[in-house]
Amino acid sequence: MTLVQTIKQRLSQDIALVSVILIALITSVALSRWLDSRRPPIDPSFEEEKLYLNGNTAKRLSLGFNGIAADWYWMRSLQYLGRKMVNFEDNNAGQLSLNDLSVLELRLLPSLLRLSTSLDPEFMGPYELGAMILPTFNTDEAITLLNYGIEHNPDAWRLYQHLGYIYWQLHDYHKSSEIYGKGARIAGAPEWMAEMSARVAAEGGSRNAARDMYRHLYDESKDQQVKELIARRLMQVESFDERDAIRAALKDYQTRTGRCVSSWKDIAQALRASQLRIDAQSGAPVDPSDTPYVLVKNGCDVDLDYPRSKVPYR
Amino acid sequence: MQGTGEASALANNKEQTVGTSVAQSSSRTRIVSIALNTFREAVRDRVLYNLVLFVLLLIGGAIFLGELSGGQEKKIITDLGLSAMLIFGVFIGIFVGVSLVYKEIERRTVYALFAKPVGRAEFLIGKYLGLCLTLLLNTVIMGAGVSLALIYVSRGWDPLALQIWPAILLIYVELMIVTAIALVFSSFSSPALSALLTFFIFIAGHFSSDLKTLAAFSRTASVRWLFTALYYALPNLANYSFITQAAHGRVPGFQQTFVVVLYGCVYISLMIAIAAMIFARRNFK
């Protein structure tokens with residue numbers, strides 16, 4: 001066989017093999033898609049089956065790879081929470097309240113966070129997320145998680161900050177102040193911890209206390225997910241203040257004219273005087289998520305524009 | 001063939017050696033020659049390149065995994081990178097370690113080698129040191145990969161990139177211990193069995209603290225003695241687990257590191273001595 005014939009033969013073999021590879025790839029993709037479309041959905045009871053590993057067992061099984069195992073459970077926590085939130089929002093747009101996440105039925109979240117912290121007690125992410133999310137449906141688990149963190153990280157003043165926040169949410173301002181005070185005494189704790197302790201004791205339920213609480217949580221948090229949740233809480237507090245200002249302007253108009261406003265133009269001057277941000281097109285004041293407020297009750301009241309607004313409703 | 005190459009190198013070295021302590025310096029020279037040849041052969045092994053490349057890809061993948069970590073990229077990269085370094089280092093140490101001696105016997109190059117004035121112990125030590133040198137190179141490359149990944153996600157210098165290196169040192173010492181154990185088994189057993197036994201010891205070494213607990217709770221004196229003996233006989237590999245702490249930027253104390261490295265050296269010497277004793281009595285026929 002000549003060289004040219006050898007090359008031609010090899011080339012034809014290569015073409016045949018490449019064709020087989022391409023056809024096999026396309027066929028396997030098509031078959032996988034067909035199988036996926038016909039796979040029965042997972043029984044919800046299996047999906048939510050309690051984790052059969054406790055912290056000590058997981059530590060043993062990880063063979064010293066505690067850190068990576070803790071990361072695994074942490075990422076599972078995030079995926080679990082995110083999936084639940086997205087599924088709920090898809091079916092109930094705008095109805096998710098950050099104050100009450102019991103509707104999401106986050107049964108596995110406490111176990112996942114506990115496992116993550118058992119494997120790596122110094123891992124701050126799970127404590128931060130737990131402090132933000134768990135109190136909305138299971139305060140006992142939240143307190144247990146944070147106390148575990150404090151026990152294993154006595155120098156971590158941030159954990160006192162989070163535990164103080166949990167008790168503040170429970171309206172137990174005395175306990176919250178006490179915990180902030182304990183955290184303030186740890187070396188390296190910022191001065192505002194002592195200030196928060198005093199403020200919570202003096203005016204625990206006030207909006208200013210809430211604003212400061214969230215602002216400090218936002219500044220100190222290193223976790224992006226937690227920062228986003230806190231930012232939404234801050235927007236909510238800002239929005240309460242803005243709506244109070246708008247309602248004052250609406251009431252003033254009603255008192256002067258004897259009727260409610262027919263449009264935002266009627267109180268444009270008062271809104272500008274209140275230093276609210278105004279939408280150039282509609283003249284409506286905008287909320288912290290840059291969505292214009294809407295007039296409700298025939299112009300006698302104001303509300304957020306759902307589902308467009310990103311400010312939490314409740 | 002490696003055995004012939006080593007024999008030639010040794011012959012050249014022997015001719016050049018002068019001085020009163022000829023026997024001692026020759027022994028050192030012979031060990032170094034065997035070690036360097038083992039290293040050269042190991043770095044030419046494609047399996048090693050593939051394993052190191054895989055770990056580097058894994059480290060690169062950890063950067064993308066950071067998207068799912070909620071802002072914990074650095075922790076994920078450190079945990080995954082150092083864990084992969086340990087696991088794959090153990091695989092390299094076991095699978096190359098158990099074949100170090102076996103290959104020479106299978107190829108019959110041991111006959112050519114021991115026809116020269118090379119002691120069996122010198123041969124073993126040289127082989128072991130050569131593989132340790134290979135592991136050192138792999139560890140440094142993989143460690144550099146983790147450091148670079150940390151610098152990349154931090155978009156600039158990150159002190160964690162340096163802080164992980166004491167933990168990497170401990171990982172390297174652990175790999176040296178595992179390789180020494182592989183050498184012991186390979187001095188009398190087949191590669192498959194040696195690999196299996198070495199892996200069991202690696203796992204048992206991480207559970208060794210449980211043996212101490214079992215001994216403390218045992219009611220029978222003989223059982224207590226057995227568990228205590230096993231606890232001290234098995235390598236306490238938990239001493240070298242500093243990956244989780246390193247991910248939080250912690251550095252092991254100098255005293256602790258010194259003692260742990262010393263323990264490793266002593267244990268390795270014990271393993272090499274046992275391997276040399278067994279190998280000295282081995283019949284190659």
# chains A, B, ... in the order shown; residues from 1 in each chain; ligands from 1

$ interface_residues --of "chain B" --to "chain A" --cutoff "12 Å" --atoms "only C-alpha atoms" --output "NGL selection string"
:B and (62 or 65-87 or 171 or 200 or 202-210 or 236-250)

$ atom_distance --atom1 "atom CA of B:Ala115" --atom2 "atom CA of B:Thr29"
17.1 Å

$ closest_residue --among "A:Leu11, A:Leu145, A:Ile133, A:Ala231" --to "A:Met213" --atoms "only C-alpha atoms"
A:Ala231

$ closest_residue --among "B:Ser33, B:Ile268, B:Ala215, B:Ser187" --to "B:Arg282" --atoms "only C-alpha atoms"
B:Ser187

$ closest_atom_pairs --of "stretch 125-180 of chain B" --to "stretch 37-49 of chain B" --cutoff "12 Å" --atoms "only C-alpha atoms" --output "Markdown table"
| residue | atom | partner | partner_atom | distance |
| --- | --- | --- | --- | --- |
| B:Ile125 | CA | B:Thr38 | CA | 10.9 |
| B:Gly126 | CA | B:Thr38 | CA | 7.8 |
| B:Lys127 | CA | B:Thr38 | CA | 5.9 |
| B:Tyr128 | CA | B:Thr38 | CA | 8.5 |
| B:Leu129 | CA | B:Thr38 | CA | 8.3 |
| B:Gly130 | CA | B:Phe39 | CA | 4.6 |
| B:Leu131 | CA | B:Phe39 | CA | 6.1 |
| B:Cys132 | CA | B:Phe39 | CA | 8.4 |
| B:Leu133 | CA | B:Phe39 | CA | 6.4 |
| B:Thr134 | CA | B:Phe39 | CA | 5.7 |
| B:Leu135 | CA | B:Phe39 | CA | 9.3 |
| B:Leu136 | CA | B:Phe39 | CA | 10.4 |
| B:Leu137 | CA | B:Val43 | CA | 9.1 |
| B:Asn138 | CA | B:Leu48 | CA | 8.4 |
| B:Thr139 | CA | B:Leu48 | CA | 11.7 |
| B:Ile141 | CA | B:Tyr49 | CA | 11.0 |
| B:Met142 | CA | B:Tyr49 | CA | 11.4 |

$ select_by_dssp --residues "stretch 22-268 of chain B" --states "alpha helix (DSSP H)" --output "ChimeraX atom specification"
/B:22-43,46-65,73-106,109-115,120-153,160-163,165-186,191-206,208-217,221-233,243-247,254-268

$ atom_distance --atom1 "atom CA of B:Ala161" --atom2 "atom CA of B:Gly143"
9.1 Å
